[in-house]
Amino acid sequence: MKNVELSRMFNEMYYMLSTDEKARFEALAYQRAARSIESMQDDISEIYEKNGIKGLMEIPGIGKGLAEHIEEYLTTGKIAKYEDLKHRFPVDFSEFSGMEGFGPKKAMILYDKLGIKNIADLKKAAEEHKIRDIPGFGEKSEALILKNISMISATGSRILLSTGLNEARKIVSYLLSENIVSRCEIAGSTRRMRETVGDIDILVISERPERVMDLFTEYGGVKSIVVRGESKTTVLLDIGTTCDLRVIKPGSFGSALQYFTGSKDHNIKVRKIAIDHNYKLNEYGLYSGDKNIIEGKDEDAIYRELGMDYIPPEMREDRGEIEIALSHKIPSLVELSEIRGDLHLHTTESDGMNTTEEMATAAIKRHYEYIAITNHSKNLKIAHGLDDNQFMEYFKKIDSLADRYNIKILKGAEVDILKDGSLDLDENTLKSMDVVIASVHMDTNMDTNDMTDRVINAIKTNMVNILGHPTGRLINERQPFQIDLDEVAKYCYKYKTAMEINASPERLDLNDENILKTSKYGVYYCINTDSHNIYGYDNMELGVGTARRGWLTRNDVINTMDLKNLMKFLKK
């Protein structure tokens with residue numbers, strides 16, 4: 001799949017062009033294209049094969065020039081402009097992209113002054129205190145650089161769930177297409193919907209294991225073969241992680257799926273319970289003596305035989321789920337099919353890539369009952385935020401669309417929480433909205449008390465329906481800001497403000513641990529995609545998976561409500 005490589009190259013072109021203020025708009029075009037391609041589940045190669053340049057130009061954010069670049073890459077493996085830029089800017093911007101407060105311009109300053117090209121060079125220079133004396137940096141900048149490098153090192157080679165899940169599903173579809181596999185399932189952390197994936201695990205049933213291994217190693221996304229065996233093969237994928245494929249005997253498939261789904265800690269405790277029942281549990285079955293007593297394809301038989309409710313994969317982290325299952329009190333977790341709408345969407349009025357009409361049409365195809373368009377407010381200039389007058393004019397447009405679309409389009413905004421906790425729009429403007437999302441985007445380096453007070457002050461205005469991406473983190477890129485979520489949750493409950501589970505692949509914020517932490521206060525949640533194009537709707541599944549990892553039911557999530565009850569909740 002070429003999507004990953006193309007989005008990486010376009011992102012790099014964005015970084016390189018960002019060093020020149022005159023090329024700012026051209027740079028932003030590459031950034032938008034990268035985001036659009038990255039969020040697509042469809043293979044861009046297949047789009048080109050079916051519809052050529054015309055098909056590529058139908059992708060949000062892709063005009064004729066960018067489509068020609070994509071065609072050049074798909075047909076030659078290179079983009080001449082990219083190669084020229086790499087020659088002019090011999091810095092690995094992709095390595096630096098995850099570092100907070102360290103943009104392309106700063107990277108080029110350090111290249112010009114110290115010859116720094118990559119993370120290794122940067123780390124060495126910071127440790128030797130060579131950066132602090134360069135104008136525009138200083139001791140604090142040097143310390144922040146080392147902190148960011150430490151975080152990047154700690155994440156290792158784990159990839160985003162969205163990348164791993166999309167690739168795993170493509171492999172499953174590919175293997176099933178040859179009719180030599182009767183069953184094929186994703187296991188491991190991907191099945192548990194962890195926010196990052198260390199590797200991909202896939203299990204199959206087949207009477208022709210050797211042919212399955214041939215087929216697997218011939219998959220287009222395979223970069224190299226790590227090890228090949230009769231029942232297990234490991235390959236390195238071009239998305240940057242490995243994939244293990246195991247051929248399982250039909251009678252052992254249920255136990256194998258349970259075992260290879262994990263987590264390790266969950267499995268250890270389940271095996272202990274099996275021992276207490278005088279059984280032995282492993283990847284081949286649940287044994288009483290030498291007899292496999294749950295021979296079959298379904299793993300739920302294991303849990304039933306051990307006196308437990310079936311435990312959904314997302315809960316299997318040894319965080320109390322086993323004790324609840326033994327008490328037969330496993331909650332009925334929220335399902336993707338129960339989501340009735342998306343309340344955090346951006347359009348071309350701010351930094352989105354699709355019009356309001358296009359976002360509405362895409363939502364109707366998903367059978368949503370409602371959506372909320374929540375463009376940025378004026379403080380976020382980089383996202384072309386709207387001021388009060390612009391919002392009021394835009395709301396007239398939404399009114400004009402009411403009779404044209406079989407979906408309720410709610411008026412809203414993602415309003416910046418300013419440093420003192422005030423909101424970035426006038427009260428009268430906010431009162432005219434159906435949905436107010438309040439988010440922190442700037443001045444994120446405050447201490448815990450100040451950040452907590454800032455967010456609580458915003459909630460206490462009693463104008464906020466949803467607290468957007470409450471910790472501000474970007475997975476593998478930016479640490480969450482310091483905030484006391486326990487205190488924030490208490491005020492969210494008091495002022496009937498839902499906490500967002502932002503389903504953007506790089507956010508997933510709140511994460512599962514913070515959902516478990518805050519849910520004891522009785523707060524509501526809203527699962528939103530924060531979509532900037534029509535492909536972003538696909539990420540709702542990631543948000544639901546995160547909510548399930550936090551043990552939420554439909555009753556905890558406001559966008560499972562029908563429109564009437566949602567509007568009742570939103571009313572302040």
# chains A, B, ... in the order shown; residues from 1 in each chain; ligands from 1
$ residues_around --residues "A:Leu257" --least-positions-apart "4" --cutoff "7 Å" --atoms "only C-alpha atoms" --output "PyMOL selection string"
chain A and resi 187+253+261+299
$ select_by_dssp --residues "stretch 22-201 of chain A" --states "helix (DSSP H, G or I)" --output "ChimeraX atom specification"
/A:22-39,44-56,64-76,80-88,93-96,104-114,119-127,139-155,161-176,188-191
$ select_by_dssp --residues "stretch 67-242 of chain A" --states "strand (DSSP E or B)" --output "PyMOL selection string"
chain A and resi 159-160+183-187+196-197+199-205+222-228+232-237+242
$ closest_residue --among "A:Glu506, A:Asp133, A:Asp420, A:Asp300" --to "A:Asn476" --atoms "only C-alpha atoms"
A:Glu506
$ residues_around --residues "A:Arg132" --least-positions-apart "5" --cutoff "12 Å" --atoms "only C-alpha atoms" --output "list in words"
Leu110, Leu114, Ala125, Ala126, Glu127, Phe137, Gly138, Glu139, Lys140, Ser141, Glu142, Ala143, Leu144, Ile145 and Leu146 of chain A
$ write_last_selection --atoms "N, CA and C atoms" --output "tab-separated table (two decimals), in the first residue's frame"
chain	number	residue	atom	x	y	z
A	110	LEU	N	19.72	24.98	13.16
A	110	LEU	CA	20.72	24.09	13.76
A	110	LEU	C	21.55	23.37	12.71
A	114	LEU	N	25.27	24.08	13.25
A	114	LEU	CA	25.97	22.93	13.83
A	114	LEU	C	26.01	21.70	12.93
A	125	ALA	N	24.42	17.04	20.29
A	125	ALA	CA	24.65	18.48	20.45
A	125	ALA	C	24.00	19.00	21.73
A	126	ALA	N	22.79	18.51	22.04
A	126	ALA	CA	22.09	18.94	23.25
A	126	ALA	C	22.82	18.47	24.50
A	127	GLU	N	23.27	17.23	24.48
A	127	GLU	CA	24.00	16.69	25.64
A	127	GLU	C	25.32	17.41	25.87
A	137	PHE	N	17.30	29.86	21.03
A	137	PHE	CA	17.18	28.59	21.77
A	137	PHE	C	17.32	28.86	23.28
A	138	GLY	N	18.46	28.52	23.88
A	138	GLY	CA	18.63	28.71	25.31
A	138	GLY	C	18.55	27.40	26.08
A	139	GLU	N	18.74	27.48	27.39
A	139	GLU	CA	18.79	26.28	28.24
A	139	GLU	C	17.46	25.54	28.26
A	140	LYS	N	16.35	26.28	28.35
A	140	LYS	CA	15.03	25.63	28.40
A	140	LYS	C	14.75	24.87	27.11
A	141	SER	N	15.10	25.47	25.98
A	141	SER	CA	14.91	24.80	24.68
A	141	SER	C	15.74	23.53	24.61
A	142	GLU	N	16.95	23.60	25.11
A	142	GLU	CA	17.84	22.45	25.09
A	142	GLU	C	17.27	21.31	25.95
A	143	ALA	N	16.76	21.68	27.12
A	143	ALA	CA	16.17	20.68	28.01
A	143	ALA	C	14.93	20.06	27.39
A	144	LEU	N	14.10	20.89	26.73
A	144	LEU	CA	12.89	20.37	26.08
A	144	LEU	C	13.24	19.43	24.93
A	145	ILE	N	14.29	19.75	24.19
A	145	ILE	CA	14.75	18.89	23.10
A	145	ILE	C	15.12	17.51	23.64
A	146	LEU	N	15.88	17.47	24.74
A	146	LEU	CA	16.29	16.18	25.33
A	146	LEU	C	15.08	15.40	25.86
$ closest_residue --among "A:Ile483, A:Leu165, A:Ala360, A:Val227" --to "A:Ile200" --atoms "only C-alpha atoms"
A:Leu165
